[in-house]
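Colleague: Got upload-v8.txt for you, compact mmCIF, C-alpha atoms and all ligand atoms:
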```txt
# COMPACT_ATOMS: atom_id res chain seq x y z
CA MET E 307 95.12 99.36 148.63
CA VAL E 308 94.27 100.07 144.99
CA LYS E 309 95.87 97.44 142.81
CA THR E 310 96.84 98.38 139.26
CA ARG E 311 95.13 96.12 136.78
CA LYS E 312 96.94 94.86 133.68
CA PRO E 313 95.54 95.60 130.17
CA SER E 314 94.02 92.14 129.67
CA THR E 315 92.05 92.50 132.93
CA LEU E 316 91.00 96.04 132.00
CA CYS E 317 89.76 94.80 128.60
CA VAL E 318 87.38 92.36 130.25
CA GLN E 319 86.32 94.14 133.44
CA GLY E 320 87.48 97.75 133.23
CA ALA E 321 89.08 99.41 136.23
CA ARG E 322 86.26 98.43 138.61
CA SER E 323 84.34 95.16 138.69
CA GLN E 324 80.54 95.03 138.84
CA THR E 325 79.26 94.60 142.39
CA SER E 326 75.62 94.17 141.42
CA GLY E 327 73.34 94.02 138.39
CA PRO E 328 74.00 92.36 135.05
CA VAL E 329 77.46 91.07 134.16
CA VAL E 330 77.07 92.48 130.66
CA VAL E 331 76.65 96.23 130.11
CA PRO E 332 72.95 96.78 129.27
CA ILE E 333 72.06 98.43 125.98
CA VAL E 334 70.18 101.58 126.97
CA GLN E 335 68.53 102.07 123.59
CA THR E 336 66.80 105.37 124.23
CA SER E 337 67.12 108.82 122.75
CA THR E 338 65.93 110.66 125.85
CA PHE E 339 65.59 110.32 129.65
CA VAL E 340 62.70 111.10 132.03
CA PHE E 341 62.94 113.47 135.03
CA GLU E 342 60.87 113.68 138.16
CA ASP E 343 60.42 117.46 137.92
CA GLN E 344 61.80 120.58 136.26
CA GLN E 345 64.39 121.17 139.00
CA HIS E 346 65.88 117.72 138.51
CA MET E 347 65.98 118.24 134.76
CA LEU E 348 67.58 121.68 135.10
CA ASP E 349 70.23 120.37 137.51
CA SER E 350 70.98 117.54 135.04
CA VAL E 351 71.17 119.87 132.03
CA GLN E 352 73.64 121.96 134.03
CA GLY E 353 75.70 118.81 134.70
CA LYS E 354 75.15 118.92 138.48
CA THR E 355 73.61 115.44 138.88
CA GLY E 356 75.61 113.30 136.47
CA ASP E 357 72.29 112.03 135.07
CA HIS E 358 71.91 111.50 131.32
CA VAL E 359 69.53 113.87 129.54
CA TYR E 360 69.67 113.11 125.81
CA THR E 361 71.71 110.46 124.00
CA ARG E 362 73.44 112.93 121.65
CA TRP E 363 74.98 114.36 124.84
CA SER E 364 75.67 111.13 126.75
CA ASN E 365 74.31 107.62 127.27
CA PRO E 366 74.96 104.98 129.99
CA THR E 367 76.08 102.24 127.57
CA THR E 368 78.48 104.61 125.83
CA LYS E 369 79.71 106.02 129.15
CA SER E 370 80.57 102.54 130.35
CA VAL E 371 82.77 101.83 127.33
CA GLU E 372 84.33 105.30 127.63
CA GLU E 373 85.45 104.46 131.17
CA LYS E 374 86.97 101.19 130.00
CA ILE E 375 88.92 102.91 127.21
CA SER E 376 90.19 105.58 129.63
CA SER E 377 91.49 102.83 131.90
CA LEU E 378 93.32 101.22 128.95
CA GLU E 379 94.82 104.49 127.69
CA GLY E 380 95.66 105.77 131.19
CA THR E 381 93.65 108.96 130.65
CA GLU E 382 91.16 110.82 132.86
CA ASP E 383 88.41 110.78 130.27
CA THR E 384 87.32 109.47 126.86
CA HIS E 385 84.62 110.48 124.43
CA VAL E 386 83.27 107.83 122.07
CA VAL E 387 81.72 108.94 118.78
CA ALA E 388 80.22 107.41 115.65
CA SER E 389 83.46 107.07 113.61
CA GLY E 390 87.18 107.64 113.68
CA MET E 391 86.63 110.64 111.41
CA ALA E 392 84.06 112.05 113.89
CA ALA E 393 86.73 111.74 116.61
CA ILE E 394 89.24 113.66 114.48
CA THR E 395 86.82 116.34 113.27
CA SER E 396 85.28 116.90 116.74
CA ALA E 397 88.68 117.16 118.40
CA VAL E 398 90.17 119.50 115.80
CA LEU E 399 87.10 121.74 115.48
CA GLY E 400 86.63 121.73 119.26
CA LEU E 401 90.18 122.83 119.97
CA VAL E 402 91.38 124.92 117.03
CA LYS E 403 89.87 128.27 116.01
CA GLY E 404 89.94 130.04 112.65
CA GLY E 405 93.26 131.85 112.21
CA GLU E 406 95.19 129.21 114.17
CA ARG E 407 97.56 126.66 112.61
CA ILE E 408 98.08 122.92 112.86
CA LEU E 409 101.28 120.98 112.28
CA SER E 410 100.68 117.46 110.98
CA SER E 411 102.99 114.62 110.08
CA ASP E 412 102.80 114.06 106.33
CA SER E 413 101.97 110.36 106.48
CA ILE E 414 98.39 110.16 107.71
CA TYR E 415 95.14 108.39 106.82
CA GLY E 416 93.67 109.63 103.50
CA GLY E 417 90.37 110.77 105.07
CA THR E 418 92.24 112.90 107.62
CA LEU E 419 94.31 114.42 104.83
CA HIS E 420 91.16 115.33 102.86
CA PHE E 421 89.63 116.90 106.00
CA PHE E 422 92.79 118.92 106.64
CA ASN E 423 93.14 120.08 103.03
CA GLU E 424 89.49 120.61 102.06
CA ILE E 425 87.39 121.43 105.15
CA LEU E 426 89.80 123.17 107.54
CA PRO E 427 90.87 125.95 105.11
CA GLN E 428 87.16 126.81 104.72
CA ASN E 429 87.20 127.47 108.47
CA GLY E 430 90.36 129.57 108.33
CA ILE E 431 92.57 126.83 109.77
CA GLN E 432 95.85 126.18 107.98
CA VAL E 433 97.70 122.85 108.19
CA ASP E 434 101.45 122.57 107.59
CA TYR E 435 103.06 119.17 107.03
CA ALA E 436 106.32 117.75 108.35
CA ASP E 437 108.15 114.55 107.47
CA THR E 438 107.44 111.81 110.06
CA ASN E 439 111.07 112.10 111.27
CA GLU E 440 110.99 115.88 111.55
CA VAL E 441 107.76 116.59 113.46
CA ALA E 442 109.46 117.22 116.83
CA ASP E 443 112.18 119.46 115.31
CA ARG E 444 109.63 121.48 113.32
CA LEU E 445 107.63 122.00 116.52
CA SER E 446 110.70 123.03 118.51
CA ASP E 447 111.57 125.59 115.81
CA SER E 448 107.98 126.88 115.58
CA ARG E 449 108.13 129.35 118.51
CA GLY E 450 104.66 128.22 119.57
CA LYS E 451 102.91 129.12 116.32
CA TYR E 452 100.93 125.88 116.24
CA ARG E 453 97.80 125.33 118.32
CA LEU E 454 97.76 121.57 117.66
CA CYS E 455 100.21 118.95 116.44
CA PHE E 456 98.59 115.90 114.82
CA PHE E 457 100.48 112.72 114.02
CA GLU E 458 99.86 109.06 113.36
CA THR E 459 102.09 106.12 114.33
CA PRO E 460 102.47 103.48 113.01
CA THR E 461 101.38 105.19 109.81
CA ASN E 462 98.82 104.08 107.28
CA PRO E 463 99.77 102.28 105.06
CA THR E 464 103.58 102.28 105.12
CA LEU E 465 104.06 101.63 108.84
CA LYS E 466 106.45 104.50 109.44
CA ILE E 467 107.13 105.24 113.09
CA VAL E 468 107.02 108.66 114.73
CA ASP E 469 108.94 109.06 118.00
CA ILE E 470 105.96 109.62 120.33
CA LYS E 471 107.85 110.95 123.36
CA LYS E 472 109.98 113.32 121.30
CA VAL E 473 106.87 114.89 119.71
CA ALA E 474 105.00 115.02 123.07
CA ASP E 475 107.98 116.74 124.74
CA ALA E 476 108.37 119.26 121.90
CA ALA E 477 104.64 120.00 121.99
CA ARG E 478 104.64 120.57 125.74
CA ALA E 479 107.70 122.84 125.48
CA THR E 480 105.99 125.00 122.84
CA GLY E 481 102.50 125.08 124.39
CA THR E 482 101.03 123.01 121.55
CA ILE E 483 98.30 120.40 122.07
CA SER E 484 99.59 117.02 120.85
CA MET E 485 97.15 114.55 119.29
CA ILE E 486 97.93 111.08 117.98
CA ASP E 487 96.01 108.72 115.72
CA SER E 488 96.96 105.50 117.53
CA THR E 489 94.63 103.24 115.52
CA PHE E 490 97.36 100.94 114.11
CA GLY E 491 98.97 100.45 117.53
CA SER E 492 95.89 99.73 119.69
CA PRO E 493 96.13 100.40 123.43
CA ILE E 494 97.60 96.94 123.88
CA ASN E 495 100.73 97.73 121.85
CA GLN E 496 101.21 101.41 122.74
CA ARG E 497 99.86 103.89 125.30
CA PRO E 498 100.87 107.34 124.04
CA HIS E 499 99.29 109.35 126.89
CA LEU E 500 101.74 107.72 129.30
CA LEU E 501 104.51 109.08 127.04
CA GLY E 502 103.07 112.60 127.33
CA VAL E 503 100.64 112.93 124.39
CA ASP E 504 97.61 115.07 125.27
CA LEU E 505 94.96 113.40 123.11
CA VAL E 506 94.84 109.83 121.84
CA MET E 507 92.34 108.92 119.13
CA HIS E 508 91.37 105.63 117.56
CA SER E 509 89.24 104.56 114.71
CA ALA E 510 87.52 102.02 117.00
CA THR E 511 86.08 100.55 113.79
CA LYS E 512 89.41 98.70 113.71
CA TYR E 513 91.17 96.82 116.54
CA LEU E 514 89.03 98.08 119.44
CA GLY E 515 85.79 96.83 117.84
CA GLY E 516 87.72 94.01 116.23
CA HIS E 517 84.95 92.26 114.29
CA SER E 518 84.33 94.56 111.29
CA ASP E 519 80.77 95.11 112.47
CA ILE E 520 80.76 98.71 113.75
CA ILE E 521 82.00 102.17 112.80
CA ALA E 522 83.25 104.06 115.87
CA GLY E 523 85.85 106.50 117.12
CA THR E 524 87.41 107.39 120.46
CA ILE E 525 89.23 110.39 121.81
CA SER E 526 90.99 110.19 125.19
CA GLY E 527 92.84 112.75 127.32
CA SER E 528 92.50 115.01 130.35
CA LYS E 529 89.01 115.83 131.66
CA GLU E 530 89.45 119.45 130.61
CA THR E 531 90.51 118.76 127.02
CA VAL E 532 88.00 115.96 126.44
CA ALA E 533 85.23 118.28 127.75
CA LYS E 534 86.02 120.71 124.91
CA VAL E 535 85.96 117.90 122.37
CA ARG E 536 82.69 116.60 123.82
CA SER E 537 81.06 120.04 123.51
CA ALA E 538 82.02 120.22 119.83
CA ALA E 539 80.96 116.61 119.19
CA LYS E 540 77.53 117.31 120.72
CA LEU E 541 76.96 120.03 118.13
CA LEU E 542 78.61 118.28 115.20
CA GLY E 543 76.33 115.34 115.88
CA GLY E 544 78.49 112.28 115.19
CA THR E 545 76.86 110.50 118.14
CA MET E 546 77.59 106.87 118.91
CA ASP E 547 74.52 104.63 118.89
CA PRO E 548 74.06 102.68 122.18
CA PHE E 549 73.91 99.34 120.36
CA ALA E 550 77.23 100.10 118.65
CA SER E 551 78.65 101.02 122.09
CA PHE E 552 77.55 97.61 123.36
CA LEU E 553 79.30 95.90 120.42
CA LEU E 554 82.40 98.01 121.04
CA ASP E 555 82.49 96.97 124.69
CA ARG E 556 82.03 93.34 123.71
CA GLY E 557 84.84 93.66 121.16
CA ILE E 558 87.22 95.19 123.69
CA LYS E 559 86.73 92.21 126.02
CA THR E 560 88.88 90.12 123.66
CA LEU E 561 91.20 92.92 122.48
CA SER E 562 94.20 91.67 124.41
CA VAL E 563 93.98 88.05 123.20
CA ARG E 564 93.18 89.14 119.64
CA MET E 565 96.18 91.47 119.60
CA GLU E 566 98.48 88.66 120.73
CA ARG E 567 97.50 86.67 117.63
CA HIS E 568 97.48 89.68 115.27
CA ASN E 569 100.99 90.55 116.49
CA SER E 570 102.44 87.06 116.18
CA ASN E 571 100.81 86.32 112.79
CA ALA E 572 102.04 89.60 111.30
CA GLU E 573 105.56 89.18 112.70
CA PHE E 574 105.72 85.69 111.20
CA LEU E 575 104.47 86.83 107.77
CA ALA E 576 106.69 89.94 107.70
CA GLU E 577 109.76 87.87 108.39
CA ARG E 578 108.90 85.22 105.76
CA LEU E 579 107.90 87.75 103.08
CA SER E 580 111.07 89.79 103.62
CA ARG E 581 113.02 86.71 102.42
CA ASP E 582 111.01 86.35 99.17
CA ASN E 583 112.65 87.92 96.12
CA ARG E 584 109.28 88.56 94.43
CA ILE E 585 108.75 91.27 97.01
CA LYS E 586 110.74 94.50 96.78
CA ARG E 587 110.05 95.69 100.28
CA VAL E 588 108.18 94.71 103.42
CA HIS E 589 107.02 97.58 105.65
CA TYR E 590 106.74 96.29 109.23
CA PRO E 591 108.07 98.05 112.35
CA GLY E 592 108.99 94.72 113.98
CA LEU E 593 111.63 93.91 111.34
CA PRO E 594 115.18 94.91 112.36
CA SER E 595 115.56 96.28 108.81
CA HIS E 596 112.80 98.86 109.47
CA PRO E 597 114.42 102.35 109.56
CA GLN E 598 112.81 103.20 112.93
CA TYR E 599 113.03 99.73 114.48
CA ASP E 600 114.78 101.05 117.63
CA VAL E 601 112.14 103.73 118.22
CA ALA E 602 109.38 101.16 117.61
CA ARG E 603 110.93 98.83 120.18
CA GLN E 604 111.09 101.62 122.74
CA GLN E 605 107.49 102.78 122.43
CA MET E 606 105.61 99.62 121.44
CA ASP E 607 105.13 96.40 123.40
CA SER E 608 104.48 94.54 120.13
CA PHE E 609 104.32 95.67 116.53
CA GLY E 610 100.73 95.08 115.47
CA GLY E 611 98.87 93.20 112.78
CA MET E 612 99.37 95.62 109.89
CA LEU E 613 102.03 95.24 107.25
CA SER E 614 102.50 96.40 103.68
CA VAL E 615 104.48 94.92 100.83
CA ASP E 616 105.77 96.50 97.62
CA LEU E 617 105.51 93.78 94.97
CA ASP E 618 108.05 93.50 92.16
CA THR E 619 105.37 94.08 89.51
CA ASP E 620 103.15 96.81 88.03
CA LEU E 621 99.58 97.83 88.92
CA ILE E 622 98.07 95.08 86.72
CA GLY E 623 100.22 92.44 88.45
CA THR E 624 99.33 93.91 91.84
CA ARG E 625 95.61 93.71 91.07
CA ARG E 626 96.06 90.10 89.91
CA PHE E 627 97.88 89.31 93.18
CA VAL E 628 95.05 90.69 95.35
CA ASP E 629 92.38 89.04 93.19
CA SER E 630 94.18 85.68 93.56
CA LEU E 631 94.09 85.73 97.36
CA ASP E 632 91.59 83.39 98.94
CA ILE E 633 91.78 83.83 102.73
CA PHE E 634 92.84 87.48 102.62
CA LEU E 635 89.59 89.18 101.61
CA ASN E 636 89.55 91.93 99.00
CA ALA E 637 88.33 94.76 101.25
CA VAL E 638 89.37 98.06 102.78
CA SER E 639 89.47 98.66 106.55
CA LEU E 640 91.59 96.75 109.02
CA GLY E 641 91.88 95.42 112.54
CA GLY E 642 89.14 92.79 112.36
CA VAL E 643 89.60 89.09 113.08
CA GLU E 644 89.56 88.31 109.34
CA SER E 645 92.59 89.03 107.13
CA LEU E 646 92.08 91.72 104.50
CA ALA E 647 94.16 92.96 101.57
CA SER E 648 93.88 96.26 99.72
CA ILE E 649 95.81 98.41 97.27
CA PRO E 650 96.17 101.88 98.88
CA ALA E 651 96.65 103.68 95.54
CA LEU E 652 93.21 102.41 94.46
CA THR E 653 91.42 102.68 97.81
CA THR E 654 92.33 104.70 100.93
CA HIS E 655 94.69 106.98 99.02
CA TYR E 656 92.72 107.12 95.76
CA GLY E 657 92.82 110.57 94.20
CA ILE E 658 95.74 111.83 96.29
CA PRO E 659 98.29 113.58 94.03
CA GLU E 660 101.17 111.33 92.91
CA GLY E 661 103.80 113.60 94.47
CA MET E 662 102.20 113.29 97.91
CA LEU E 663 101.78 109.53 97.49
CA LYS E 664 105.46 109.18 96.70
CA GLU E 665 106.42 111.28 99.69
CA ALA E 666 104.34 108.92 101.84
CA GLY E 667 106.28 105.97 100.39
CA ILE E 668 103.31 104.49 98.52
CA CYS E 669 103.62 103.08 95.00
CA ASN E 670 101.23 101.31 92.60
CA SER E 671 102.48 97.89 93.73
CA THR E 672 101.99 98.54 97.47
CA VAL E 673 99.56 96.07 99.02
CA ARG E 674 98.34 96.65 102.55
CA LEU E 675 97.64 93.53 104.59
CA SER E 676 95.52 93.55 107.72
CA VAL E 677 96.63 90.28 109.22
CA GLY E 678 93.78 88.57 111.05
CA ILE E 679 93.76 85.84 113.67
CA GLU E 680 93.51 82.85 111.32
CA ASP E 681 96.18 80.14 111.23
CA ALA E 682 99.57 81.68 110.33
CA ALA E 683 100.58 78.82 108.00
CA ASP E 684 97.29 79.13 106.07
CA LEU E 685 97.86 82.86 105.65
CA LEU E 686 101.42 82.33 104.37
CA ASP E 687 100.22 79.67 101.98
CA ASP E 688 97.55 82.04 100.63
CA LEU E 689 100.12 84.79 99.97
CA MET E 690 102.59 82.37 98.34
CA THR E 691 99.90 80.95 96.03
CA ALA E 692 98.93 84.48 94.90
CA LEU E 693 102.60 85.37 94.33
CA ASP E 694 102.93 82.24 92.14
CA VAL E 695 99.98 83.42 90.03
CA VAL E 696 101.66 86.79 89.42
CA GLY E 697 104.91 85.03 88.55
C1 LIG E 701 94.53 105.25 110.75
C2 LIG E 701 93.10 105.61 110.54
N1 LIG E 701 92.62 106.69 111.16
C3 LIG E 701 91.33 107.07 111.02
C4 LIG E 701 90.46 106.37 110.20
C5 LIG E 701 89.02 106.81 110.07
O1 LIG E 701 88.22 105.99 110.84
P1 LIG E 701 86.66 105.67 110.51
O2 LIG E 701 86.61 104.97 109.20
O3 LIG E 701 86.24 104.86 111.69
O4 LIG E 701 85.97 107.00 110.45
C6 LIG E 701 90.92 105.23 109.54
C7 LIG E 701 90.01 104.45 108.67
O5 LIG E 701 90.42 103.60 107.92
C8 LIG E 701 92.28 104.85 109.71
O6 LIG E 701 92.77 103.77 109.10
```
Represent the structure of the file as structure tokens.
Ligand SMILES: Cc1ncc(COP(=O)(O)O)c(C=O)c1O
Modeller:
Amino acid sequence: MVKTRKPSTLCVQGARSQTSGPVVVPIVQTSTFVFEDQQHMLDSVQGKTGDHVYTRWSNPTTKSVEEKISSLEGTEDTHVVASGMAAITSAVLGLVKGGERILSSDSIYGGTLHFFNEILPQNGIQVDYADTNEVADRLSDSRGKYRLCFFETPTNPTLKIVDIKKVADAARATGTISMIDSTFGSPINQRPHLLGVDLVMHSATKYLGGHSDIIAGTISGSKETVAKVRSAAKLLGGTMDPFASFLLDRGIKTLSVRMERHNSNAEFLAERLSRDNRIKRVHYPGLPSHPQYDVARQQMDSFGGMLSVDLDTDLIGTRRFVDSLDIFLNAVSLGGVESLASIPALTTHYGIPEGMLKEAGICNSTVRLSVGIEDAADLLDDLMTALDVVG
């Protein structure tokens, strides 16, 4: 009888335990692989043997972490690449041809937005945007004109929630490939493929790696779809280094326990900050006041370690607030064990036109907090002290 393993077991051991050899996945730090003779090499190049040929194509260390991520996402296959952006660019360029169109939710990571607006039009691919609440309806009305529907939930940095199942159903009904950026959720808090999404991507730089020491990206889905992404990724060249794959695997071993603390620390801070009158608004999907709280509760097991606050001050006051933090480090990125604070208007969303920023719900006083796994009371104390400085 095959027993279904729970996520915390999958994080440590994957779907199958080792029966021999080292307990820890070896780092196969090689660019190329040796073959007995030409026939063996030819069979391997043609994919008949399953043997690795060249690390830009595949590598044992990377393959091992790919299998673990597939087991966590509930997908047939996963391709791991050198960054979250490499996952997005390989998937989109591998699946969408010039002349085809993409529908995207309008609240997405700044780098993705730049790729959609600057690189894709050069390749004849047009991206239309829909409000996070209207993605499914826009798809249903599209009469199948979109090849791919891209969305992110929870969104960066305002933690809006897109109804995953509604979008997946609408995509299936219109013959559109659905693709989610699930970075903020992590596979511990949400598993979009089980709700019908075709492709799930992560910036594994964040929660999956978990220690702010690697840049990595993952793309998971059916064997057939991931094969197309893998072919594009091979040529685009954003290959994951075997040592980074080892660190990613090591990071994932503690993903489940880290997420428990990220979740509980962020929930605690969101609730306390929402009662402070020096803060205009707290964006956190686990607060009952969040506009999509009910959807979040349906599709997420917990609400994650990311939250944003709109301070009741101007940009100068906001900068003073972030500069006054001691435990929250003044840095971009997210999902590591250490707490970080950043001002989206000056970092991830720098240079994005004001109109689009406003539509995404970002203002000059928005501060994004990546809540780490430190002591919750220390983190609250740090935020309160910085708020006192701003006055
Ligand atoms: C939600 C989200 N998606 C994608 C990316 C891009 O990932 P990477 O920096 O690993 O390329 C980021 C990076 O911050 C992100 O926050």
Colleague: List the neighbours of region 379-383 of chain E out to 9 Å using only C-alpha atoms; skip same-chain residues closer than 3 positions along the sequence, and give me the result as number ranges by chain.
Modeller: E: 372-376, 493-494, 496-500, 505-506, 525-533
Colleague: Residues near region 542-550 of chain E, anyone? I mean within 9 Å using all atoms listed in the file, not counting same-chain ones fewer than 4 positions away, as a ChimeraX atom specification.
Modeller: /E:333-336,361-368,386-389,392-393,395-396,519-523,537-538,554-555
Colleague: Could the residues in this selection be saved with C-alpha atoms as a short mmCIF file (atom, residue, chain, number, x, y, z; two decimals), keeping the file's coordinate frame?
Modeller:
```cif
data_model
loop_
_atom_site.label_atom_id
_atom_site.label_comp_id
_atom_site.auth_asym_id
_atom_site.auth_seq_id
_atom_site.Cartn_x
_atom_site.Cartn_y
_atom_site.Cartn_z
CA ILE E 333 72.06 98.43 125.98
CA VAL E 334 70.18 101.58 126.97
CA GLN E 335 68.53 102.07 123.59
CA THR E 336 66.80 105.37 124.23
CA THR E 361 71.71 110.46 124.00
CA ARG E 362 73.44 112.93 121.65
CA TRP E 363 74.98 114.36 124.84
CA SER E 364 75.67 111.13 126.75
CA ASN E 365 74.31 107.62 127.27
CA PRO E 366 74.96 104.98 129.99
CA THR E 367 76.08 102.24 127.57
CA THR E 368 78.48 104.61 125.83
CA VAL E 386 83.27 107.83 122.07
CA VAL E 387 81.72 108.94 118.78
CA ALA E 388 80.22 107.41 115.65
CA SER E 389 83.46 107.07 113.61
CA ALA E 392 84.06 112.05 113.89
CA ALA E 393 86.73 111.74 116.61
CA THR E 395 86.82 116.34 113.27
CA SER E 396 85.28 116.90 116.74
CA ASP E 519 80.77 95.11 112.47
CA ILE E 520 80.76 98.71 113.75
CA ILE E 521 82.00 102.17 112.80
CA ALA E 522 83.25 104.06 115.87
CA GLY E 523 85.85 106.50 117.12
CA SER E 537 81.06 120.04 123.51
CA ALA E 538 82.02 120.22 119.83
CA LEU E 554 82.40 98.01 121.04
CA ASP E 555 82.49 96.97 124.69
#
```
Colleague: Could you work out how far CA of Lys471 (chain E) lies from CA of Gln598 (chain E), giving the answer in Å with one decimal?
Modeller: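 Straight-line distance from CA of Gln598 (chain E) to CA of Lys471 (chain E) works out to 13.9 Å.
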Colleague: Output the neighbourhood of ligand LIG 701 (chain E) as a PyMOL selection string, that is, all protein and nucleic acid residues with some atom at most 7 Å from the ligand, counting all atoms listed in the file.
Modeller: chain E and resi 389-392+414-415+417-418+461-462+487+489-490+508-511+521-523+639
Colleague: Restricting the calculation to all atoms listed in the file, which member of E:Leu613, E:Val673, E:Met690, E:Ile633 is positioned closest to Arg584 (chain E)?
Modeller: E:Met690
Colleague: Which value, in Å to one decimal, gives the distance between CA of Asp447 (chain E) and CA of Glu660 (chain E)?
Modeller: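 CA of Glu660 (chain E) lies 28.9 Å from CA of Asp447 (chain E).
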Colleague: Give me the residues within 12 Å of Glu440 (chain E) as a PyMOL selection string, counting only C-alpha atoms and dropping any in the same chain fewer than 5 places off.
Modeller: chain E and resi 409-413+435+445-447+457+467-470+472-473+476
